[in-house]
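One file, entry_33.cif, carrying mmCIF, C-alpha atoms:
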```
data_data
loop_
_atom_site.group_PDB
_atom_site.id
_atom_site.type_symbol
_atom_site.label_atom_id
_atom_site.label_comp_id
_atom_site.auth_asym_id
_atom_site.auth_seq_id
_atom_site.Cartn_x
_atom_site.Cartn_y
_atom_site.Cartn_z
ATOM 1 C CA MET A 506 -25.567 -38.532 -23.305
ATOM 2 C CA PRO A 507 -25.910 -34.805 -23.954
ATOM 3 C CA ALA A 508 -27.145 -32.622 -21.136
ATOM 4 C CA SER A 509 -30.907 -32.726 -20.999
ATOM 5 C CA VAL A 510 -33.094 -29.744 -21.743
ATOM 6 C CA ALA A 511 -36.301 -29.177 -19.775
ATOM 7 C CA VAL A 512 -39.508 -29.674 -21.741
ATOM 8 C CA LEU A 513 -41.620 -27.326 -19.656
ATOM 9 C CA PRO A 514 -41.779 -24.311 -22.020
ATOM 10 C CA SER A 515 -43.546 -26.090 -24.905
ATOM 11 C CA ALA A 516 -45.735 -28.058 -22.503
ATOM 12 C CA ALA A 517 -46.603 -24.932 -20.551
ATOM 13 C CA ARG A 518 -47.612 -23.106 -23.726
ATOM 14 C CA ARG A 519 -50.153 -25.854 -24.379
ATOM 15 C CA LEU A 520 -51.211 -25.974 -20.752
ATOM 16 C CA PHE A 521 -51.985 -22.298 -20.431
ATOM 17 C CA LEU A 522 -53.601 -21.533 -23.798
ATOM 18 C CA LEU A 523 -56.852 -21.851 -21.957
ATOM 19 C CA ALA A 524 -60.127 -21.473 -23.763
ATOM 20 C CA ALA A 525 -63.493 -22.707 -22.539
ATOM 21 C CA CYS A 526 -62.715 -25.310 -19.886
ATOM 22 C CA CYS A 527 -64.467 -27.352 -17.188
ATOM 23 C CA LEU A 528 -63.491 -29.251 -14.065
ATOM 24 C CA LEU A 529 -63.006 -32.985 -14.528
ATOM 25 C CA LEU A 530 -63.271 -35.043 -11.396
ATOM 26 C CA LEU A 531 -60.267 -37.214 -10.676
ATOM 27 C CA GLY A 532 -60.418 -41.021 -9.209
ATOM 28 C CA SER A 533 -59.404 -42.166 -5.720
ATOM 29 C CA ALA A 534 -55.966 -41.538 -4.260
ATOM 30 C CA SER A 535 -56.017 -42.692 -0.656
ATOM 31 C CA GLY A 536 -52.835 -42.637 1.377
ATOM 32 C CA VAL A 537 -51.354 -39.643 -0.415
ATOM 33 C CA ARG A 538 -48.934 -37.527 1.590
ATOM 34 C CA ALA A 539 -49.558 -33.745 1.523
ATOM 35 C CA VAL A 540 -46.363 -31.737 1.034
ATOM 36 C CA ASP A 541 -47.727 -28.315 0.097
ATOM 37 C CA ASP A 542 -51.054 -27.735 1.821
ATOM 38 C CA LEU A 543 -51.938 -24.040 2.018
ATOM 39 C CA SER A 544 -55.504 -24.576 3.187
ATOM 40 C CA PRO A 545 -56.610 -24.570 6.853
ATOM 41 C CA GLU A 546 -57.620 -28.209 6.547
ATOM 42 C CA LYS A 547 -57.580 -31.020 4.012
ATOM 43 C CA SER A 548 -59.534 -30.184 0.920
ATOM 44 C CA PRO A 549 -63.090 -31.585 0.650
ATOM 45 C CA LEU A 550 -62.115 -32.499 -2.891
ATOM 46 C CA TYR A 551 -59.361 -34.736 -1.575
ATOM 47 C CA HIS A 552 -61.495 -36.317 1.154
ATOM 48 C CA GLY A 553 -64.286 -36.872 -1.330
ATOM 49 C CA GLY A 554 -62.067 -39.214 -3.317
ATOM 50 C CA PHE A 555 -62.055 -37.065 -6.422
ATOM 51 C CA LEU A 556 -58.388 -37.352 -7.354
ATOM 52 C CA ARG A 557 -58.653 -39.097 -10.662
ATOM 53 C CA ARG A 558 -55.929 -41.681 -11.216
ATOM 54 C CA VAL A 559 -52.649 -42.581 -9.581
ATOM 55 C CA SER A 560 -51.570 -45.765 -11.277
ATOM 56 C CA ILE A 561 -48.477 -47.841 -11.846
ATOM 57 C CA THR A 562 -48.475 -49.587 -15.207
ATOM 58 C CA PRO A 563 -47.548 -53.262 -15.745
ATOM 59 C CA GLU A 564 -44.075 -52.135 -16.865
ATOM 60 C CA LYS A 565 -43.261 -51.732 -13.168
ATOM 61 C CA LYS A 566 -43.056 -55.449 -12.326
ATOM 62 C CA ASP A 567 -39.825 -57.497 -12.224
ATOM 63 C CA LEU A 568 -37.584 -54.483 -11.728
ATOM 64 C CA GLN A 569 -34.282 -54.177 -9.948
ATOM 65 C CA PRO A 570 -34.859 -53.965 -6.160
ATOM 66 C CA GLY A 571 -34.926 -50.393 -4.924
ATOM 67 C CA ARG A 572 -36.192 -48.952 -8.214
ATOM 68 C CA GLU A 573 -39.908 -49.167 -7.451
ATOM 69 C CA VAL A 574 -42.029 -46.157 -6.565
ATOM 70 C CA LYS A 575 -41.338 -45.487 -2.893
ATOM 71 C CA ASP A 576 -44.120 -43.079 -2.032
ATOM 72 C CA GLU A 577 -46.670 -40.638 -3.384
ATOM 73 C CA ALA A 578 -46.727 -36.920 -2.691
ATOM 74 C CA LEU A 579 -49.431 -34.321 -3.036
ATOM 75 C CA LEU A 580 -49.074 -30.644 -3.841
ATOM 76 C CA GLN A 581 -52.256 -29.087 -2.520
ATOM 77 C CA ARG A 582 -53.245 -25.419 -2.476
ATOM 78 C CA HIS A 583 -56.824 -24.798 -1.445
ATOM 79 C CA GLY A 584 -59.053 -22.336 0.350
ATOM 80 C CA ARG A 585 -57.383 -19.054 -0.661
ATOM 81 C CA GLN A 586 -59.442 -16.053 -1.694
ATOM 82 C CA ASN A 587 -59.372 -15.268 -5.434
ATOM 83 C CA VAL A 588 -56.785 -17.987 -6.106
ATOM 84 C CA PRO A 589 -57.572 -21.231 -7.985
ATOM 85 C CA ASP A 590 -57.552 -24.561 -6.170
ATOM 86 C CA ILE A 591 -54.620 -26.753 -7.176
ATOM 87 C CA THR A 592 -54.043 -30.454 -6.500
ATOM 88 C CA ILE A 593 -51.251 -32.424 -8.166
ATOM 89 C CA SER A 594 -50.216 -35.910 -7.092
ATOM 90 C CA TYR A 595 -46.778 -37.139 -8.069
ATOM 91 C CA PRO A 596 -44.481 -40.102 -7.372
ATOM 92 C CA VAL A 597 -41.484 -40.338 -5.063
ATOM 93 C CA LEU A 598 -39.059 -42.811 -6.615
ATOM 94 C CA GLY A 599 -36.343 -42.859 -3.980
ATOM 95 C CA HIS A 600 -33.810 -41.318 -6.371
ATOM 96 C CA SER A 601 -32.825 -37.962 -4.882
ATOM 97 C CA ALA A 602 -31.970 -36.130 -8.121
ATOM 98 C CA VAL A 603 -35.098 -37.319 -9.920
ATOM 99 C CA ASP A 604 -37.372 -36.707 -6.949
ATOM 100 C CA GLU A 605 -36.096 -33.146 -6.530
ATOM 101 C CA ASP A 606 -36.532 -32.378 -10.235
ATOM 102 C CA VAL A 607 -40.075 -33.750 -10.224
ATOM 103 C CA ARG A 608 -40.938 -31.743 -7.087
ATOM 104 C CA ARG A 609 -39.615 -28.545 -8.663
ATOM 105 C CA TRP A 610 -41.433 -29.237 -11.916
ATOM 106 C CA VAL A 611 -44.759 -29.837 -10.164
ATOM 107 C CA ASN A 612 -44.392 -26.599 -8.202
ATOM 108 C CA SER A 613 -43.544 -24.717 -11.407
ATOM 109 C CA ILE A 614 -46.748 -26.016 -13.028
ATOM 110 C CA ALA A 615 -48.776 -24.776 -10.056
ATOM 111 C CA ASP A 616 -46.980 -21.403 -9.923
ATOM 112 C CA THR A 617 -47.399 -20.826 -13.662
ATOM 113 C CA PHE A 618 -51.122 -21.593 -13.507
ATOM 114 C CA GLU A 619 -51.588 -19.145 -10.642
ATOM 115 C CA GLU A 620 -49.684 -16.447 -12.516
ATOM 116 C CA GLU A 621 -51.716 -16.983 -15.677
ATOM 117 C CA MET A 622 -54.976 -16.814 -13.746
ATOM 118 C CA SER A 623 -53.875 -13.625 -11.982
ATOM 119 C CA THR A 624 -53.559 -11.937 -15.383
ATOM 120 C CA LEU A 625 -57.296 -12.574 -15.838
ATOM 121 C CA PHE A 626 -58.165 -11.281 -12.394
ATOM 122 C CA GLN A 627 -56.296 -7.952 -12.538
ATOM 123 C CA PRO A 628 -58.120 -6.386 -15.534
ATOM 124 C CA SER A 629 -61.482 -7.375 -14.054
ATOM 125 C CA GLU A 630 -60.554 -5.873 -10.708
ATOM 126 C CA ALA A 631 -59.481 -2.619 -12.411
ATOM 127 C CA LEU A 632 -62.887 -2.400 -14.101
ATOM 128 C CA GLY A 633 -64.651 -2.947 -10.810
ATOM 129 C CA GLU A 634 -65.892 -6.383 -11.852
ATOM 130 C CA THR A 635 -66.022 -9.411 -9.582
ATOM 131 C CA LEU A 636 -64.195 -12.501 -10.778
ATOM 132 C CA ASP A 637 -64.327 -15.483 -8.431
ATOM 133 C CA MET A 638 -60.965 -17.141 -9.059
ATOM 134 C CA SER A 639 -61.565 -19.729 -6.340
ATOM 135 C CA ARG A 640 -63.940 -21.618 -8.619
ATOM 136 C CA TYR A 641 -61.113 -22.244 -11.090
ATOM 137 C CA ALA A 642 -58.925 -25.274 -10.575
ATOM 138 C CA LEU A 643 -56.003 -27.402 -11.715
ATOM 139 C CA HIS A 644 -55.766 -31.102 -10.935
ATOM 140 C CA GLY A 645 -53.003 -33.487 -11.902
ATOM 141 C CA SER A 646 -52.439 -37.237 -11.679
ATOM 142 C CA TYR A 647 -49.722 -39.477 -13.052
ATOM 143 C CA THR A 648 -48.786 -42.848 -14.486
ATOM 144 C CA VAL A 649 -45.330 -44.426 -14.258
ATOM 145 C CA LEU A 650 -43.830 -46.301 -17.211
ATOM 146 C CA ARG A 651 -40.721 -48.423 -16.627
ATOM 147 C CA PRO A 652 -38.923 -49.471 -19.829
ATOM 148 C CA SER A 653 -35.979 -50.924 -17.877
ATOM 149 C CA ARG A 654 -33.919 -50.697 -14.717
ATOM 150 C CA GLU A 655 -32.109 -47.752 -16.282
ATOM 151 C CA ALA A 656 -34.983 -45.376 -17.050
ATOM 152 C CA VAL A 657 -38.427 -44.196 -16.035
ATOM 153 C CA SER A 658 -41.156 -42.165 -17.723
ATOM 154 C CA LEU A 659 -43.680 -40.131 -15.757
ATOM 155 C CA VAL A 660 -46.887 -39.334 -17.616
ATOM 156 C CA PHE A 661 -48.880 -36.479 -16.079
ATOM 157 C CA GLU A 662 -52.511 -35.731 -16.877
ATOM 158 C CA ILE A 663 -53.129 -32.072 -16.049
ATOM 159 C CA TRP A 664 -56.761 -30.953 -16.031
ATOM 160 C CA THR A 665 -57.621 -27.261 -15.803
ATOM 161 C CA TYR A 666 -60.923 -25.481 -15.331
ATOM 162 C CA THR A 667 -61.411 -21.764 -16.009
ATOM 163 C CA GLY A 668 -65.134 -21.731 -16.760
ATOM 164 C CA GLY A 669 -66.948 -22.665 -19.930
ATOM 165 C CA ALA A 670 -68.457 -25.834 -21.311
ATOM 166 C CA HIS A 671 -65.637 -28.290 -20.640
ATOM 167 C CA GLY A 672 -62.193 -28.550 -19.145
ATOM 168 C CA ASN A 673 -58.784 -28.654 -20.725
ATOM 169 C CA LEU A 674 -56.440 -31.646 -20.630
ATOM 170 C CA ASP A 675 -52.692 -31.684 -21.186
ATOM 171 C CA ILE A 676 -50.602 -34.828 -21.167
ATOM 172 C CA ILE A 677 -47.012 -34.029 -20.243
ATOM 173 C CA THR A 678 -44.221 -36.594 -19.977
ATOM 174 C CA LEU A 679 -40.974 -36.441 -18.045
ATOM 175 C CA ASN A 680 -38.340 -39.058 -18.924
ATOM 176 C CA TYR A 681 -35.361 -39.795 -16.678
ATOM 177 C CA SER A 682 -32.169 -41.799 -16.614
ATOM 178 C CA LEU A 683 -31.979 -43.617 -13.289
ATOM 179 C CA ILE A 684 -28.200 -43.887 -13.686
ATOM 180 C CA THR A 685 -27.475 -40.150 -13.876
ATOM 181 C CA GLY A 686 -30.753 -38.737 -12.531
ATOM 182 C CA GLN A 687 -30.912 -36.634 -15.696
ATOM 183 C CA ARG A 688 -34.159 -35.561 -17.316
ATOM 184 C CA LEU A 689 -34.079 -36.809 -20.884
ATOM 185 C CA ASN A 690 -34.886 -34.591 -23.828
ATOM 186 C CA PHE A 691 -35.544 -35.843 -27.348
ATOM 187 C CA VAL A 692 -31.826 -35.713 -28.224
ATOM 188 C CA ASP A 693 -31.038 -37.828 -25.155
ATOM 189 C CA ILE A 694 -33.291 -40.608 -26.450
ATOM 190 C CA PHE A 695 -32.471 -40.608 -30.179
ATOM 191 C CA GLU A 696 -29.101 -39.920 -31.766
ATOM 192 C CA ASP A 697 -30.693 -39.146 -35.140
ATOM 193 C CA VAL A 698 -33.468 -36.724 -34.241
ATOM 194 C CA ASP A 699 -34.608 -36.061 -37.812
ATOM 195 C CA LYS A 700 -34.952 -39.766 -38.520
ATOM 196 C CA ALA A 701 -36.793 -40.286 -35.241
ATOM 197 C CA LEU A 702 -39.303 -37.552 -36.109
ATOM 198 C CA SER A 703 -39.807 -39.077 -39.539
ATOM 199 C CA LEU A 704 -40.466 -42.553 -38.113
ATOM 200 C CA LEU A 705 -42.741 -41.285 -35.339
ATOM 201 C CA SER A 706 -44.691 -39.161 -37.814
ATOM 202 C CA ASP A 707 -45.168 -41.896 -40.411
ATOM 203 C CA HIS A 708 -46.121 -44.568 -37.888
ATOM 204 C CA SER A 709 -48.522 -42.298 -35.994
ATOM 205 C CA ARG A 710 -50.271 -41.197 -39.175
ATOM 206 C CA GLU A 711 -50.913 -44.790 -40.213
ATOM 207 C CA VAL A 712 -52.293 -45.795 -36.818
ATOM 208 C CA LEU A 713 -54.415 -42.679 -36.313
ATOM 209 C CA ALA A 714 -55.818 -42.793 -39.844
ATOM 210 C CA ARG A 715 -57.069 -46.343 -39.266
ATOM 211 C CA ARG A 716 -58.379 -45.530 -35.786
ATOM 212 C CA LEU A 717 -60.015 -42.163 -36.403
ATOM 213 C CA ALA A 718 -60.681 -41.694 -40.094
ATOM 214 C CA GLY A 719 -61.372 -45.072 -41.661
ATOM 215 C CA GLY A 720 -57.861 -45.279 -43.084
ATOM 216 C CA ARG A 721 -57.908 -41.760 -44.515
ATOM 217 C CA LYS A 722 -55.188 -39.319 -43.446
ATOM 218 C CA ASP A 723 -57.314 -36.236 -43.015
ATOM 219 C CA GLN A 724 -55.851 -32.761 -42.568
ATOM 220 C CA TRP A 725 -56.314 -32.820 -38.805
ATOM 221 C CA ILE A 726 -54.127 -35.908 -38.522
ATOM 222 C CA LEU A 727 -51.571 -34.604 -41.014
ATOM 223 C CA ASP A 728 -51.208 -31.273 -39.211
ATOM 224 C CA GLY A 729 -50.908 -32.856 -35.777
ATOM 225 C CA THR A 730 -48.216 -35.314 -36.822
ATOM 226 C CA THR A 731 -45.885 -33.156 -38.906
ATOM 227 C CA ARG A 732 -42.202 -33.845 -38.324
ATOM 228 C CA GLU A 733 -41.727 -31.271 -35.581
ATOM 229 C CA VAL A 734 -40.475 -31.851 -32.052
ATOM 230 C CA ASP A 735 -43.461 -30.002 -30.556
ATOM 231 C CA ASN A 736 -45.819 -32.587 -32.044
ATOM 232 C CA PHE A 737 -43.878 -35.355 -30.295
ATOM 233 C CA SER A 738 -42.897 -33.591 -27.093
ATOM 234 C CA SER A 739 -45.054 -35.968 -25.013
ATOM 235 C CA ILE A 740 -43.470 -39.379 -25.425
ATOM 236 C CA GLY A 741 -43.017 -42.123 -22.859
ATOM 237 C CA LEU A 742 -40.678 -45.094 -22.879
ATOM 238 C CA THR A 743 -42.261 -48.533 -22.514
ATOM 239 C CA ARG A 744 -40.663 -51.964 -22.412
ATOM 240 C CA GLN A 745 -41.713 -52.477 -26.013
ATOM 241 C CA GLY A 746 -40.601 -49.099 -27.383
ATOM 242 C CA VAL A 747 -42.095 -45.592 -27.366
ATOM 243 C CA ARG A 748 -45.598 -44.367 -26.592
ATOM 244 C CA VAL A 749 -46.613 -41.067 -28.202
ATOM 245 C CA TYR A 750 -49.322 -38.989 -26.511
ATOM 246 C CA PHE A 751 -51.358 -36.566 -28.610
ATOM 247 C CA GLN A 752 -53.311 -33.804 -26.886
ATOM 248 C CA PRO A 753 -57.055 -33.275 -27.369
ATOM 249 C CA TYR A 754 -57.568 -31.260 -30.560
ATOM 250 C CA GLN A 755 -54.074 -32.148 -31.832
ATOM 251 C CA VAL A 756 -55.153 -34.919 -34.207
ATOM 252 C CA ALA A 757 -58.929 -35.054 -33.691
ATOM 253 C CA SER A 758 -61.862 -33.331 -32.012
ATOM 254 C CA TRP A 759 -62.334 -33.019 -28.266
ATOM 255 C CA ALA A 760 -64.927 -35.801 -28.425
ATOM 256 C CA ALA A 761 -62.259 -38.206 -29.688
ATOM 257 C CA GLY A 762 -60.147 -37.465 -26.621
ATOM 258 C CA ALA A 763 -56.394 -37.659 -26.211
ATOM 259 C CA GLN A 764 -54.737 -40.298 -28.364
ATOM 260 C CA GLU A 765 -51.887 -42.740 -27.692
ATOM 261 C CA VAL A 766 -49.768 -44.516 -30.295
ATOM 262 C CA ASP A 767 -47.298 -47.277 -29.404
ATOM 263 C CA ILE A 768 -44.292 -47.738 -31.680
ATOM 264 C CA PRO A 769 -42.082 -50.838 -31.324
ATOM 265 C CA LEU A 770 -38.419 -50.251 -30.544
ATOM 266 C CA ASP A 771 -37.361 -52.352 -33.549
ATOM 267 C CA ASP A 772 -39.161 -49.931 -35.868
ATOM 268 C CA LEU A 773 -37.189 -47.035 -34.370
ATOM 269 C CA LEU A 774 -33.709 -48.571 -34.697
ATOM 270 C CA PRO A 775 -32.846 -46.495 -37.821
ATOM 271 C CA ALA A 776 -33.048 -43.394 -35.561
ATOM 272 C CA LYS A 777 -30.319 -44.861 -33.305
ATOM 273 C CA PRO A 778 -32.166 -44.831 -29.980
ATOM 274 C CA PHE A 779 -29.945 -45.053 -26.899
ATOM 275 C CA LEU A 780 -30.654 -48.722 -26.263
ATOM 276 C CA LYS A 781 -29.345 -48.665 -22.703
ATOM 277 C CA LEU A 782 -32.616 -46.991 -21.762
ATOM 278 C CA TRP A 783 -34.306 -50.296 -22.659
ATOM 279 C CA ASP A 784 -31.602 -52.522 -21.112
ATOM 280 C CA LYS A 785 -30.390 -53.450 -24.586
#
```
As structure tokens, what does this structure read like?
Amino acid sequence: MPASVAVLPSAARRLFLLAACCLLLLGSASGVRAVDDLSPEKSPLYHGGFLRRVSITPEKKDLQPGREVKDEALLQRHGRQNVPDITISYPVLGHSAVDEDVRRWVNSIADTFEEEMSTLFQPSEALGETLDMSRYALHGSYTVLRPSREAVSLVFEIWTYTGGAHGNLDIITLNYSLITGQRLNFVDIFEDVDKALSLLSDHSREVLARRLAGGRKDQWILDGTTREVDNFSSIGLTRQGVRVYFQPYQVASWAAGAQEVDIPLDDLLPAKPFLKLWDK
């Protein structure tokens, strides 16, 4: 397969175009191992059981021994003056190359958020205004999809709060080959990228139109599913095929929430997917 290309830039652009946002509390995550704790003690947020969701999907069962999730890790940065609180849980798979890439990626998400927030703080400080950055926050949880013994998809839900009426959610996927340890970009999954975009677009429009607009393909849906890689940058691999994640506001209003569309592998065969990722 071609060398993979990191997906962080397009995901980060979505993540840090922050408008009015609010903190969303996250579900229980007991037994998580702290690996980056900058606070004097464990965060009250963590002890309060507010980490939202750390789940392993049904795709995990019946896998090759040694390929299961081995552990969970927690990046935690709390209790610093004028710096947002950050908590991101992430899996440890027991594959050194994948685990190191995931660790680096999680730290880059945290670092980027801090840098973006500091750009808000500096102008306020220069004007003599007080901006309490410690009330801002980023929280992340994950789901693991296992299409086969050869591949894994990590689906991160990243919630940010920078004030305002509600928070901001980004769904970011990282796909890996467990043979090479390589992060998989779109061209590592489909040989015919243009055909893949066409199939993903057409299928998603049909499903979303029925689900959200009574069968009508309104402009919101059409714009959010145009045949561009950015519109399909968050895809996960399932045993049945591909799951496309659409961000809030991408194909519908915030009230409609993030959307998922499952597309069977058989329907994607004209795009020449690399079938080894599905044990085919």
Take the PyMOL selection byres ((chain A and resi 724-730) around 9), apply it to the structure above, and return the hits as a PDB file with C-alpha atoms, in the coordinates of the input.
```pdb
ATOM      1  CA  LEU A 705     -42.741 -41.285 -35.339  1.00  0.00           C
ATOM      2  CA  SER A 706     -44.691 -39.161 -37.814  1.00  0.00           C
ATOM      3  CA  ASP A 707     -45.168 -41.896 -40.411  1.00  0.00           C
ATOM      4  CA  SER A 709     -48.522 -42.298 -35.994  1.00  0.00           C
ATOM      5  CA  ARG A 710     -50.271 -41.197 -39.175  1.00  0.00           C
ATOM      6  CA  LEU A 713     -54.415 -42.679 -36.313  1.00  0.00           C
ATOM      7  CA  ALA A 714     -55.818 -42.793 -39.844  1.00  0.00           C
ATOM      8  CA  LEU A 717     -60.015 -42.163 -36.403  1.00  0.00           C
ATOM      9  CA  ALA A 718     -60.681 -41.694 -40.094  1.00  0.00           C
ATOM     10  CA  LYS A 722     -55.188 -39.319 -43.446  1.00  0.00           C
ATOM     11  CA  ASP A 723     -57.314 -36.236 -43.015  1.00  0.00           C
ATOM     12  CA  THR A 731     -45.885 -33.156 -38.906  1.00  0.00           C
ATOM     13  CA  ARG A 732     -42.202 -33.845 -38.324  1.00  0.00           C
ATOM     14  CA  GLU A 733     -41.727 -31.271 -35.581  1.00  0.00           C
ATOM     15  CA  ASN A 736     -45.819 -32.587 -32.044  1.00  0.00           C
ATOM     16  CA  PHE A 737     -43.878 -35.355 -30.295  1.00  0.00           C
ATOM     17  CA  PHE A 751     -51.358 -36.566 -28.610  1.00  0.00           C
ATOM     18  CA  TYR A 754     -57.568 -31.260 -30.560  1.00  0.00           C
ATOM     19  CA  GLN A 755     -54.074 -32.148 -31.832  1.00  0.00           C
ATOM     20  CA  VAL A 756     -55.153 -34.919 -34.207  1.00  0.00           C
ATOM     21  CA  ALA A 757     -58.929 -35.054 -33.691  1.00  0.00           C
ATOM     22  CA  SER A 758     -61.862 -33.331 -32.012  1.00  0.00           C
TER      23      SER A 758
END
```
| CA of Arg715 (chain A) to CA of Trp759 (chain A), distance in Å rounded to a single decimal | 18.1 Å
| said: Ranking A:Leu579, A:Leu674, A:Ala701, A:Leu742 by minimum distance to Glu662 (chain A) and counting all atoms listed in the file, which one comes first? | reply: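 Among the listed residues, A:Leu674 lies closest to Glu662 (chain A).
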The PyMOL selection byres ((chain A and resi 642) around 8) applied to the shown file, residues as a PDB file with C-alpha atoms, keeping the file's coordinate frame:
```pdb
ATOM      1  CA  LEU A 528     -63.491 -29.251 -14.065  1.00  0.00           C
ATOM      2  CA  PRO A 589     -57.572 -21.231  -7.985  1.00  0.00           C
ATOM      3  CA  ASP A 590     -57.552 -24.561  -6.170  1.00  0.00           C
ATOM      4  CA  ILE A 591     -54.620 -26.753  -7.176  1.00  0.00           C
ATOM      5  CA  SER A 639     -61.565 -19.729  -6.340  1.00  0.00           C
ATOM      6  CA  ARG A 640     -63.940 -21.618  -8.619  1.00  0.00           C
ATOM      7  CA  TYR A 641     -61.113 -22.244 -11.090  1.00  0.00           C
ATOM      8  CA  LEU A 643     -56.003 -27.402 -11.715  1.00  0.00           C
ATOM      9  CA  HIS A 644     -55.766 -31.102 -10.935  1.00  0.00           C
ATOM     10  CA  THR A 665     -57.621 -27.261 -15.803  1.00  0.00           C
ATOM     11  CA  TYR A 666     -60.923 -25.481 -15.331  1.00  0.00           C
ATOM     12  CA  THR A 667     -61.411 -21.764 -16.009  1.00  0.00           C
TER      13      THR A 667
END
```
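Rounded to one decimal, CA of Thr685 (chain A) and CA of Leu774 (chain A) lie 23.3 Å from each other.
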| request: Fewer than 4 positions away in the same chain doesn't count, so skip those; otherwise give me all residues within 7 Å of Asp675 (chain A), counting all atoms listed in the file, as number ranges by chain. | output: A: 520, 662-664, 752
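Applied to the shown file, the PyMOL selection byres ((chain A and resi 781) around 12) selects the residues Met506, Pro652, Ser653, Arg654, Glu655, Ala656, Ser682, Leu683, Ile684, Asp693, Ile694, Phe695, Leu742, Arg744, Lys777, Pro778, Phe779, Leu780, Leu782, Trp783, Asp784 and Lys785 of chain A.
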| task | Measuring atom to atom with only C-alpha atoms, identify which of A:Gln586, A:Ile593, A:Gly719, A:Gly741 is nearest to Ile614 (chain A). | result |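 Ranked by minimum distance to Ile614 (chain A), first place goes to A:Ile593.
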| query | CA of Val597 (chain A) and CA of Ala578 (chain A) are how many Å apart? | reply |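 So the two atoms, CA of Val597 (chain A) and CA of Ala578 (chain A), lie 6.7 Å apart.
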| message | I'd like to know which of A:Val607, A:Val692, A:Glu711, A:Gly645 is closest to Leu679 (chain A), using all atoms listed in the file. | response | A:Val607
| Pick the closest to Arg748 (chain A) from A:Arg716, A:Leu650, A:Arg688, A:Val657: which is it, counting all atoms listed in the file? | A:Leu650
For Phe661 (chain A), work out the shell of residues within 7 Å, counting only C-alpha atoms and skipping chain neighbours fewer than 3 positions away, then give it as an mmCIF file with C-alpha atoms, in the coordinates of the input.
```
data_model
loop_
_atom_site.group_PDB
_atom_site.id
_atom_site.type_symbol
_atom_site.label_atom_id
_atom_site.label_comp_id
_atom_site.auth_asym_id
_atom_site.auth_seq_id
_atom_site.Cartn_x
_atom_site.Cartn_y
_atom_site.Cartn_z
ATOM 1 C CA GLY A 645 -53.003 -33.487 -11.902
ATOM 2 C CA SER A 646 -52.439 -37.237 -11.679
ATOM 3 C CA TYR A 647 -49.722 -39.477 -13.052
ATOM 4 C CA THR A 648 -48.786 -42.848 -14.486
ATOM 5 C CA ILE A 676 -50.602 -34.828 -21.167
ATOM 6 C CA ILE A 677 -47.012 -34.029 -20.243
ATOM 7 C CA THR A 678 -44.221 -36.594 -19.977
#
```
